[in-house]
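Have a look at structure_9.pdb below; it lists PDB, C-alpha atoms.
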```
MODEL        1
ATOM      1  CA  MET A 285       6.912   1.199 -23.001  1.00  0.00           C
ATOM      2  CA  LEU A 286       6.738  -0.761 -19.734  1.00  0.00           C
ATOM      3  CA  ILE A 287       7.380   0.357 -16.168  1.00  0.00           C
ATOM      4  CA  LEU A 288       7.809  -2.445 -13.678  1.00  0.00           C
ATOM      5  CA  GLY A 289       6.814  -1.649 -10.092  1.00  0.00           C
ATOM      6  CA  VAL A 290       8.302  -3.721  -7.289  1.00  0.00           C
ATOM      7  CA  SER A 291       6.733  -3.776  -3.830  1.00  0.00           C
ATOM      8  CA  GLY A 292       8.975  -4.987  -1.028  1.00  0.00           C
ATOM      9  CA  SER A 293       6.255  -4.834   1.619  1.00  0.00           C
ATOM     10  CA  PRO A 294       4.744  -7.832   3.389  1.00  0.00           C
ATOM     11  CA  ARG A 295       1.473  -5.897   3.854  1.00  0.00           C
ATOM     12  CA  ARG A 296      -0.695  -5.895   0.729  1.00  0.00           C
ATOM     13  CA  GLY A 297      -2.597  -2.636   0.387  1.00  0.00           C
ATOM     14  CA  GLY A 298      -0.419  -0.963   2.987  1.00  0.00           C
ATOM     15  CA  ASN A 299       1.667   2.178   2.824  1.00  0.00           C
ATOM     16  CA  SER A 300       4.274   0.896   0.356  1.00  0.00           C
ATOM     17  CA  ASP A 301       1.606  -0.334  -2.045  1.00  0.00           C
ATOM     18  CA  LEU A 302      -0.269   2.970  -1.847  1.00  0.00           C
ATOM     19  CA  ILE A 303       2.949   4.856  -2.620  1.00  0.00           C
ATOM     20  CA  LEU A 304       3.754   2.489  -5.500  1.00  0.00           C
ATOM     21  CA  ASN A 305       0.299   2.885  -7.029  1.00  0.00           C
ATOM     22  CA  SER A 306       0.529   6.673  -6.704  1.00  0.00           C
ATOM     23  CA  ILE A 307       3.908   6.723  -8.449  1.00  0.00           C
ATOM     24  CA  LEU A 308       2.526   4.667 -11.335  1.00  0.00           C
ATOM     25  CA  LYS A 309      -0.772   6.595 -11.518  1.00  0.00           C
ATOM     26  CA  ASP A 310       0.109   9.306 -14.045  1.00  0.00           C
ATOM     27  CA  THR A 311       2.775   7.630 -16.142  1.00  0.00           C
ATOM     28  CA  HIS A 312       2.167   7.204 -19.857  1.00  0.00           C
ATOM     29  CA  ALA A 313       3.598   3.703 -19.919  1.00  0.00           C
ATOM     30  CA  ASP A 314       2.016   0.354 -19.310  1.00  0.00           C
ATOM     31  CA  SER A 315       2.850  -0.865 -15.839  1.00  0.00           C
ATOM     32  CA  GLU A 316       2.956  -4.143 -13.987  1.00  0.00           C
ATOM     33  CA  ILE A 317       3.627  -4.754 -10.313  1.00  0.00           C
ATOM     34  CA  ILE A 318       5.591  -7.515  -8.644  1.00  0.00           C
ATOM     35  CA  TYR A 319       4.487  -8.061  -5.048  1.00  0.00           C
ATOM     36  CA  LEU A 320       7.603  -9.756  -3.715  1.00  0.00           C
ATOM     37  CA  SER A 321       5.850 -11.109  -0.633  1.00  0.00           C
ATOM     38  CA  ASP A 322       3.415 -13.011  -2.894  1.00  0.00           C
ATOM     39  CA  ILE A 323       5.995 -14.969  -4.854  1.00  0.00           C
ATOM     40  CA  PRO A 324       8.243 -17.672  -3.468  1.00  0.00           C
ATOM     41  CA  PHE A 325      11.834 -16.997  -4.459  1.00  0.00           C
ATOM     42  CA  SER A 326      15.327 -17.463  -3.110  1.00  0.00           C
ATOM     43  CA  SER A 327      18.127 -14.992  -2.718  1.00  0.00           C
ATOM     44  CA  CYS A 328      21.275 -15.242  -4.822  1.00  0.00           C
ATOM     45  CA  VAL A 329      23.699 -17.803  -3.421  1.00  0.00           C
ATOM     46  CA  GLY A 330      26.697 -16.733  -5.512  1.00  0.00           C
ATOM     47  CA  CYS A 331      26.866 -19.952  -7.521  1.00  0.00           C
ATOM     48  CA  GLU A 332      28.041 -17.931 -10.563  1.00  0.00           C
ATOM     49  CA  ARG A 333      26.063 -20.081 -13.038  1.00  0.00           C
ATOM     50  CA  CYS A 334      24.562 -16.872 -14.399  1.00  0.00           C
ATOM     51  CA  ARG A 335      27.960 -15.827 -15.738  1.00  0.00           C
ATOM     52  CA  LYS A 336      27.746 -18.657 -18.258  1.00  0.00           C
ATOM     53  CA  ASP A 337      23.964 -18.890 -18.665  1.00  0.00           C
ATOM     54  CA  LYS A 338      23.302 -15.095 -18.778  1.00  0.00           C
ATOM     55  CA  ILE A 339      20.290 -15.602 -16.501  1.00  0.00           C
ATOM     56  CA  CYS A 340      19.763 -17.211 -13.095  1.00  0.00           C
ATOM     57  CA  THR A 341      19.408 -20.946 -13.707  1.00  0.00           C
ATOM     58  CA  ARG A 342      20.137 -22.037 -10.146  1.00  0.00           C
ATOM     59  CA  PHE A 343      16.514 -21.453  -9.155  1.00  0.00           C
ATOM     60  CA  GLU A 344      13.260 -22.119 -10.956  1.00  0.00           C
ATOM     61  CA  ASP A 345      11.016 -20.108  -8.663  1.00  0.00           C
ATOM     62  CA  GLY A 346       8.517 -17.266  -8.550  1.00  0.00           C
ATOM     63  CA  LEU A 347      11.032 -14.695  -9.777  1.00  0.00           C
ATOM     64  CA  THR A 348      12.075 -16.681 -12.858  1.00  0.00           C
ATOM     65  CA  PRO A 349       9.091 -15.621 -15.033  1.00  0.00           C
ATOM     66  CA  TRP A 350       9.814 -11.961 -14.263  1.00  0.00           C
ATOM     67  CA  TYR A 351      13.300 -11.895 -15.810  1.00  0.00           C
ATOM     68  CA  GLU A 352      11.882 -11.292 -19.294  1.00  0.00           C
ATOM     69  CA  LYS A 353       9.757  -8.384 -17.989  1.00  0.00           C
ATOM     70  CA  ILE A 354      12.783  -6.918 -16.201  1.00  0.00           C
ATOM     71  CA  SER A 355      14.725  -7.070 -19.471  1.00  0.00           C
ATOM     72  CA  GLN A 356      11.885  -5.419 -21.407  1.00  0.00           C
ATOM     73  CA  ALA A 357      10.961  -2.692 -18.923  1.00  0.00           C
ATOM     74  CA  GLN A 358      12.357   0.790 -19.524  1.00  0.00           C
ATOM     75  CA  GLY A 359      11.278   1.947 -16.084  1.00  0.00           C
ATOM     76  CA  LEU A 360      11.643   0.441 -12.648  1.00  0.00           C
ATOM     77  CA  VAL A 361       9.958   1.606  -9.454  1.00  0.00           C
ATOM     78  CA  LEU A 362      11.204   0.129  -6.197  1.00  0.00           C
ATOM     79  CA  VAL A 363       9.229   0.776  -3.009  1.00  0.00           C
ATOM     80  CA  SER A 364      10.183  -0.758   0.312  1.00  0.00           C
ATOM     81  CA  PRO A 365       9.364  -0.220   3.934  1.00  0.00           C
ATOM     82  CA  VAL A 366      12.270   0.397   6.271  1.00  0.00           C
ATOM     83  CA  TYR A 367      12.948  -2.365   8.769  1.00  0.00           C
ATOM     84  CA  ASN A 368      15.893  -2.282  11.118  1.00  0.00           C
ATOM     85  CA  TYR A 369      17.347   0.677   9.188  1.00  0.00           C
ATOM     86  CA  ASN A 370      17.408  -1.180   5.912  1.00  0.00           C
ATOM     87  CA  ILE A 371      15.190  -2.375   3.088  1.00  0.00           C
ATOM     88  CA  THR A 372      13.121  -5.512   3.573  1.00  0.00           C
ATOM     89  CA  SER A 373      14.668  -8.917   3.018  1.00  0.00           C
ATOM     90  CA  TRP A 374      12.414  -9.408  -0.031  1.00  0.00           C
ATOM     91  CA  MET A 375      13.736  -6.276  -1.720  1.00  0.00           C
ATOM     92  CA  LYS A 376      17.331  -7.166  -0.852  1.00  0.00           C
ATOM     93  CA  ALA A 377      16.842 -10.666  -2.288  1.00  0.00           C
ATOM     94  CA  PHE A 378      15.242  -9.202  -5.438  1.00  0.00           C
ATOM     95  CA  ILE A 379      18.154  -6.818  -5.990  1.00  0.00           C
ATOM     96  CA  ASP A 380      20.654  -9.621  -5.410  1.00  0.00           C
ATOM     97  CA  ARG A 381      18.933 -11.747  -8.053  1.00  0.00           C
ATOM     98  CA  LEU A 382      19.543  -8.976 -10.616  1.00  0.00           C
ATOM     99  CA  TYR A 383      23.216  -9.999 -10.474  1.00  0.00           C
ATOM    100  CA  CYS A 384      22.514 -12.296 -13.425  1.00  0.00           C
ATOM    101  CA  PHE A 385      22.368  -9.241 -15.732  1.00  0.00           C
ATOM    102  CA  TYR A 386      26.072  -8.494 -15.214  1.00  0.00           C
ATOM    103  CA  ASP A 387      28.744  -9.679 -17.639  1.00  0.00           C
ATOM    104  CA  PHE A 388      32.271 -10.036 -16.331  1.00  0.00           C
ATOM    105  CA  ASP A 389      35.386  -9.457 -18.394  1.00  0.00           C
ATOM    106  CA  ASP A 390      38.793  -8.499 -17.022  1.00  0.00           C
ATOM    107  CA  GLU A 391      39.474  -6.475 -20.172  1.00  0.00           C
ATOM    108  CA  ARG A 392      36.650  -4.016 -19.475  1.00  0.00           C
ATOM    109  CA  PRO A 393      37.620  -0.890 -17.513  1.00  0.00           C
ATOM    110  CA  ARG A 394      35.491  -1.849 -14.489  1.00  0.00           C
ATOM    111  CA  GLY A 395      35.879  -5.585 -14.996  1.00  0.00           C
ATOM    112  CA  TRP A 396      32.151  -5.884 -15.671  1.00  0.00           C
ATOM    113  CA  SER A 397      29.233  -4.401 -17.547  1.00  0.00           C
ATOM    114  CA  CYS A 398      25.471  -4.795 -17.352  1.00  0.00           C
ATOM    115  CA  ARG A 399      23.177  -5.943 -20.147  1.00  0.00           C
ATOM    116  CA  LEU A 400      20.475  -3.556 -18.867  1.00  0.00           C
ATOM    117  CA  ALA A 401      22.719  -0.479 -19.203  1.00  0.00           C
ATOM    118  CA  GLY A 402      22.853   1.964 -22.097  1.00  0.00           C
ATOM    119  CA  ARG A 403      19.225   1.607 -23.087  1.00  0.00           C
ATOM    120  CA  GLY A 404      17.690   4.755 -21.609  1.00  0.00           C
ATOM    121  CA  ARG A 405      16.350   3.031 -18.508  1.00  0.00           C
ATOM    122  CA  ALA A 406      15.282   5.006 -15.461  1.00  0.00           C
ATOM    123  CA  ALA A 407      14.157   4.198 -11.941  1.00  0.00           C
ATOM    124  CA  ALA A 408      12.196   5.818  -9.137  1.00  0.00           C
ATOM    125  CA  LEU A 409      12.894   4.794  -5.555  1.00  0.00           C
ATOM    126  CA  ALA A 410      10.732   5.189  -2.462  1.00  0.00           C
ATOM    127  CA  ILE A 411      10.935   4.064   1.135  1.00  0.00           C
ATOM    128  CA  VAL A 412       8.320   4.213   3.873  1.00  0.00           C
ATOM    129  CA  ALA A 413       9.469   4.420   7.481  1.00  0.00           C
ATOM    130  CA  GLU A 414       8.038   4.707  10.933  1.00  0.00           C
ATOM    131  CA  GLN A 415      11.189   6.653  11.812  1.00  0.00           C
ATOM    132  CA  VAL A 416      10.596  10.394  11.894  1.00  0.00           C
ATOM    133  CA  GLU A 417      14.138  11.646  11.330  1.00  0.00           C
ATOM    134  CA  GLU A 418      15.976  11.110   8.060  1.00  0.00           C
ATOM    135  CA  GLU A 419      19.247  10.360   9.850  1.00  0.00           C
ATOM    136  CA  ASP A 420      17.513   7.365  11.467  1.00  0.00           C
ATOM    137  CA  LEU A 421      17.038   5.711   8.074  1.00  0.00           C
ATOM    138  CA  GLY A 422      20.613   4.474   7.938  1.00  0.00           C
ATOM    139  CA  VAL A 423      21.667   3.185   4.523  1.00  0.00           C
ATOM    140  CA  THR A 424      18.173   2.358   3.325  1.00  0.00           C
ATOM    141  CA  MET A 425      18.043   4.611   0.260  1.00  0.00           C
ATOM    142  CA  ASP A 426      21.670   3.855  -0.587  1.00  0.00           C
ATOM    143  CA  ALA A 427      20.830   0.137  -0.525  1.00  0.00           C
ATOM    144  CA  LEU A 428      18.265   0.786  -3.264  1.00  0.00           C
ATOM    145  CA  ARG A 429      20.108   3.438  -5.245  1.00  0.00           C
ATOM    146  CA  MET A 430      23.619   2.021  -5.521  1.00  0.00           C
ATOM    147  CA  PRO A 431      22.824  -1.352  -7.127  1.00  0.00           C
ATOM    148  CA  ILE A 432      20.168   0.129  -9.411  1.00  0.00           C
ATOM    149  CA  LYS A 433      22.610   2.761 -10.686  1.00  0.00           C
ATOM    150  CA  ALA A 434      25.240   0.050 -11.183  1.00  0.00           C
ATOM    151  CA  LEU A 435      22.722  -1.834 -13.334  1.00  0.00           C
ATOM    152  CA  GLY A 436      22.608   1.201 -15.639  1.00  0.00           C
ATOM    153  CA  TYR A 437      19.418   2.949 -14.561  1.00  0.00           C
ATOM    154  CA  GLN A 438      19.224   6.724 -14.326  1.00  0.00           C
ATOM    155  CA  ILE A 439      17.637   7.633 -11.006  1.00  0.00           C
ATOM    156  CA  ALA A 440      14.677   9.874 -11.880  1.00  0.00           C
ATOM    157  CA  GLY A 441      13.954  10.631  -8.239  1.00  0.00           C
ATOM    158  CA  GLU A 442      13.686   9.399  -4.689  1.00  0.00           C
ATOM    159  CA  LEU A 443      11.061   9.715  -1.984  1.00  0.00           C
ATOM    160  CA  ALA A 444      11.474   9.024   1.716  1.00  0.00           C
ATOM    161  CA  VAL A 445       8.138   8.928   3.553  1.00  0.00           C
ATOM    162  CA  LEU A 446       8.766   9.327   7.283  1.00  0.00           C
ATOM    163  CA  GLY A 447       6.658   8.747  10.384  1.00  0.00           C
ATOM    164  CA  LYS A 448       4.228   6.257   8.825  1.00  0.00           C
ATOM    165  CA  PHE A 449       3.645   2.817  10.328  1.00  0.00           C
ATOM    166  CA  GLU A 450      -0.068   2.111  10.586  1.00  0.00           C
ATOM    167  CA  ALA A 451      -1.148   0.111   7.531  1.00  0.00           C
ATOM    168  CA  GLY A 452      -2.678   2.397   4.908  1.00  0.00           C
ATOM    169  CA  ILE A 453      -2.133   5.644   6.820  1.00  0.00           C
ATOM    170  CA  VAL A 454      -0.480   7.314   3.813  1.00  0.00           C
ATOM    171  CA  GLY A 455      -3.843   7.055   2.052  1.00  0.00           C
ATOM    172  CA  ARG A 456      -5.027   9.859   4.317  1.00  0.00           C
ATOM    173  CA  ASP A 457      -2.018  12.084   3.591  1.00  0.00           C
ATOM    174  CA  ALA A 458      -2.681  14.041   0.393  1.00  0.00           C
ATOM    175  CA  ASP A 459       0.767  15.681   0.532  1.00  0.00           C
ATOM    176  CA  VAL A 460       2.570  12.328   0.554  1.00  0.00           C
ATOM    177  CA  LEU A 461       0.401  10.968  -2.254  1.00  0.00           C
ATOM    178  CA  GLU A 462       1.043  14.093  -4.342  1.00  0.00           C
ATOM    179  CA  LYS A 463       4.808  13.713  -3.815  1.00  0.00           C
ATOM    180  CA  ALA A 464       4.538  10.094  -4.982  1.00  0.00           C
ATOM    181  CA  GLU A 465       2.557  11.146  -8.061  1.00  0.00           C
ATOM    182  CA  GLU A 466       5.166  13.839  -8.798  1.00  0.00           C
ATOM    183  CA  LEU A 467       7.898  11.195  -8.571  1.00  0.00           C
ATOM    184  CA  GLY A 468       5.985   9.168 -11.153  1.00  0.00           C
ATOM    185  CA  ARG A 469       5.735  12.199 -13.424  1.00  0.00           C
ATOM    186  CA  ARG A 470       9.501  12.764 -13.117  1.00  0.00           C
ATOM    187  CA  LEU A 471      10.113   9.128 -14.052  1.00  0.00           C
ATOM    188  CA  ASP A 472       7.750   9.475 -16.986  1.00  0.00           C
ATOM    189  CA  ALA A 473       9.519  12.645 -18.176  1.00  0.00           C
ATOM    190  CA  VAL A 474      12.927  10.942 -18.087  1.00  0.00           C
ATOM    191  CA  LEU A 475      11.628   7.930 -20.000  1.00  0.00           C
ATOM    192  CA  VAL A 476       9.880   9.856 -22.771  1.00  0.00           C
ATOM    193  CA  LYS A 477      12.846  12.142 -23.582  1.00  0.00           C
TER
ENDMDL
END
```
As structure tokens, what does this structure read like?
Amino acid sequence: MLILGVSGSPRRGGNSDLILNSILKDTHADSEIIYLSDIPFSSCVGCERCRKDKICTRFEDGLTPWYEKISQAQGLVLVSPVYNYNITSWMKAFIDRLYCFYDFDDERPRGWSCRLAGRGRAAALAIVAEQVEEEDLGVTMDALRMPIKALGYQIAGELAVLGKFEAGIVGRDADVLEKAEELGRRLDAVLVK
């Protein structure tokens, strides 16, 4: 079994990466991490070629080799810092590029389905914010949760880490790291049912 971790942070080794590594620490699955800031890729432009091709063929970029891993992975962990009350542009672009996994058919009840759905997939979501009040996070968690649920993932859990900006500061917060590890254990439990 494979869990794919996705870091939406521009700071390698920073708070988001520490949270991501803690989530993946105690899982029983193999894991791989995509550091979105390290790969050159474009956001979806709505060309709709993926409807026919069943995969994004508009771009041959740094995300292209990951499509096979995304298809294979049972688990998905998305971790993003909060900027301007939303997820980073890298994470938003990544989520938009998952559009290629949808199939559209007017005869289906919703008008669409997802090739990733119905296969026991689960996701864990985490955000790291300098904001100290949850109401100041805006739609950040929704922006992660809603498209991932639409893709057919069960949400195993969510973690909002507040009041953290300095790079790596969560590494000195045992409570936060334990909550991240617990989120990983919840994801693991959902996947091994």
Between region 350-410 of chain A and region 314-320 of chain A, at 8 Å or less, what are the per-residue closest atom pairs and their distances in Å? Count only C-alpha atoms, order by chain and rising residue number, and return it as a tab-separated table.
```
residue	atom	partner	partner_atom	distance
A:Trp374	CA	A:Leu320	CA	6.1
A:Met375	CA	A:Leu320	CA	7.3
A:Phe378	CA	A:Leu320	CA	7.9
```
Just say which residues the PyMOL selection byres ((chain A and resi 355) around 12) picks in this file, as a compact mmCIF listing (two decimals) with C-alpha atoms, keeping the file's coordinate frame.
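Saved the output as part_39.txt:
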```txt
# COMPACT_ATOMS: atom_id res chain seq x y z
CA MET A 285 6.91 1.20 -23.00
CA LEU A 286 6.74 -0.76 -19.73
CA ILE A 287 7.38 0.36 -16.17
CA LEU A 288 7.81 -2.44 -13.68
CA LYS A 338 23.30 -15.10 -18.78
CA ILE A 339 20.29 -15.60 -16.50
CA THR A 348 12.08 -16.68 -12.86
CA PRO A 349 9.09 -15.62 -15.03
CA TRP A 350 9.81 -11.96 -14.26
CA TYR A 351 13.30 -11.90 -15.81
CA GLU A 352 11.88 -11.29 -19.29
CA LYS A 353 9.76 -8.38 -17.99
CA ILE A 354 12.78 -6.92 -16.20
CA GLN A 356 11.88 -5.42 -21.41
CA ALA A 357 10.96 -2.69 -18.92
CA GLN A 358 12.36 0.79 -19.52
CA GLY A 359 11.28 1.95 -16.08
CA LEU A 360 11.64 0.44 -12.65
CA LEU A 382 19.54 -8.98 -10.62
CA CYS A 384 22.51 -12.30 -13.42
CA PHE A 385 22.37 -9.24 -15.73
CA CYS A 398 25.47 -4.80 -17.35
CA ARG A 399 23.18 -5.94 -20.15
CA LEU A 400 20.48 -3.56 -18.87
CA ALA A 401 22.72 -0.48 -19.20
CA ARG A 403 19.23 1.61 -23.09
CA ARG A 405 16.35 3.03 -18.51
CA LEU A 435 22.72 -1.83 -13.33
```
I would like the residues chosen by the PyMOL selection byres ((chain A and resi 410) around 12) on the shown file; could you give them as a PDB file with C-alpha atoms, in the coordinates of the input?
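Below you can see result-v9.pdb, which holds the result:
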```pdb
ATOM      1  CA  GLY A 289       6.814  -1.649 -10.092  1.00  0.00           C
ATOM      2  CA  VAL A 290       8.302  -3.721  -7.289  1.00  0.00           C
ATOM      3  CA  SER A 291       6.733  -3.776  -3.830  1.00  0.00           C
ATOM      4  CA  GLY A 292       8.975  -4.987  -1.028  1.00  0.00           C
ATOM      5  CA  SER A 293       6.255  -4.834   1.619  1.00  0.00           C
ATOM      6  CA  ASN A 299       1.667   2.178   2.824  1.00  0.00           C
ATOM      7  CA  SER A 300       4.274   0.896   0.356  1.00  0.00           C
ATOM      8  CA  ASP A 301       1.606  -0.334  -2.045  1.00  0.00           C
ATOM      9  CA  LEU A 302      -0.269   2.970  -1.847  1.00  0.00           C
ATOM     10  CA  ILE A 303       2.949   4.856  -2.620  1.00  0.00           C
ATOM     11  CA  LEU A 304       3.754   2.489  -5.500  1.00  0.00           C
ATOM     12  CA  ASN A 305       0.299   2.885  -7.029  1.00  0.00           C
ATOM     13  CA  SER A 306       0.529   6.673  -6.704  1.00  0.00           C
ATOM     14  CA  ILE A 307       3.908   6.723  -8.449  1.00  0.00           C
ATOM     15  CA  LEU A 360      11.643   0.441 -12.648  1.00  0.00           C
ATOM     16  CA  VAL A 361       9.958   1.606  -9.454  1.00  0.00           C
ATOM     17  CA  LEU A 362      11.204   0.129  -6.197  1.00  0.00           C
ATOM     18  CA  VAL A 363       9.229   0.776  -3.009  1.00  0.00           C
ATOM     19  CA  SER A 364      10.183  -0.758   0.312  1.00  0.00           C
ATOM     20  CA  PRO A 365       9.364  -0.220   3.934  1.00  0.00           C
ATOM     21  CA  VAL A 366      12.270   0.397   6.271  1.00  0.00           C
ATOM     22  CA  ILE A 371      15.190  -2.375   3.088  1.00  0.00           C
ATOM     23  CA  MET A 375      13.736  -6.276  -1.720  1.00  0.00           C
ATOM     24  CA  ALA A 407      14.157   4.198 -11.941  1.00  0.00           C
ATOM     25  CA  ALA A 408      12.196   5.818  -9.137  1.00  0.00           C
ATOM     26  CA  LEU A 409      12.894   4.794  -5.555  1.00  0.00           C
ATOM     27  CA  ILE A 411      10.935   4.064   1.135  1.00  0.00           C
ATOM     28  CA  VAL A 412       8.320   4.213   3.873  1.00  0.00           C
ATOM     29  CA  ALA A 413       9.469   4.420   7.481  1.00  0.00           C
ATOM     30  CA  THR A 424      18.173   2.358   3.325  1.00  0.00           C
ATOM     31  CA  MET A 425      18.043   4.611   0.260  1.00  0.00           C
ATOM     32  CA  ASP A 426      21.670   3.855  -0.587  1.00  0.00           C
ATOM     33  CA  ALA A 427      20.830   0.137  -0.525  1.00  0.00           C
ATOM     34  CA  LEU A 428      18.265   0.786  -3.264  1.00  0.00           C
ATOM     35  CA  ARG A 429      20.108   3.438  -5.245  1.00  0.00           C
ATOM     36  CA  ILE A 439      17.637   7.633 -11.006  1.00  0.00           C
ATOM     37  CA  ALA A 440      14.677   9.874 -11.880  1.00  0.00           C
ATOM     38  CA  GLY A 441      13.954  10.631  -8.239  1.00  0.00           C
ATOM     39  CA  GLU A 442      13.686   9.399  -4.689  1.00  0.00           C
ATOM     40  CA  LEU A 443      11.061   9.715  -1.984  1.00  0.00           C
ATOM     41  CA  ALA A 444      11.474   9.024   1.716  1.00  0.00           C
ATOM     42  CA  VAL A 445       8.138   8.928   3.553  1.00  0.00           C
ATOM     43  CA  LEU A 446       8.766   9.327   7.283  1.00  0.00           C
ATOM     44  CA  VAL A 460       2.570  12.328   0.554  1.00  0.00           C
ATOM     45  CA  LEU A 461       0.401  10.968  -2.254  1.00  0.00           C
ATOM     46  CA  LYS A 463       4.808  13.713  -3.815  1.00  0.00           C
ATOM     47  CA  ALA A 464       4.538  10.094  -4.982  1.00  0.00           C
ATOM     48  CA  GLU A 465       2.557  11.146  -8.061  1.00  0.00           C
ATOM     49  CA  LEU A 467       7.898  11.195  -8.571  1.00  0.00           C
ATOM     50  CA  GLY A 468       5.985   9.168 -11.153  1.00  0.00           C
TER      51      GLY A 468
END
```
inquiry  = Excluding region 326-335 of chain A and its own-chain neighbours fewer than 2 positions away, which residues fall within 9 Å of it when counting only C-alpha atoms? Please give them as a PyMOL selection string.
reply    = chain A and resi 324+337-343+345-347+374+376-388
note = CA of Lys336 (chain A) to CA of Asp389 (chain A) measures 12.0 Å
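Going from CA of Val454 (chain A) to CA of Ser373 (chain A) covers 22.2 Å.
If you look at CA of Lys448 (chain A) and CA of Pro431 (chain A), they are 25.7 Å away from each other.
The closest residue to Leu475 (chain A), picked from A:Tyr437, A:Gly447, A:Gly297, A:Thr372 and counting all atoms listed in the file, is A:Tyr437.
If you measure from each of A:Ala406, A:Gly422, A:Ala458, A:Val474 to Ala434 (chain A) using all atoms listed in the file, the closest one turns out to be A:Ala406.
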task = Pick out the closest residue to Arg456 (chain A) from this set: A:Glu418, A:Gly298, A:Ser321, A:Lys309. Count all atoms listed in the file.
result = A:Gly298
Around all listed atoms of region 351-359 of chain A, padded 4 Å per side, what centre and edge lengths does the axis-aligned box have in Å to one decimal, as JSON?
```
{"center_x": 12.2, "center_y": -5.0, "center_z": -18.6, "size_x": 13.0, "size_y": 21.8, "size_z": 13.6}
```
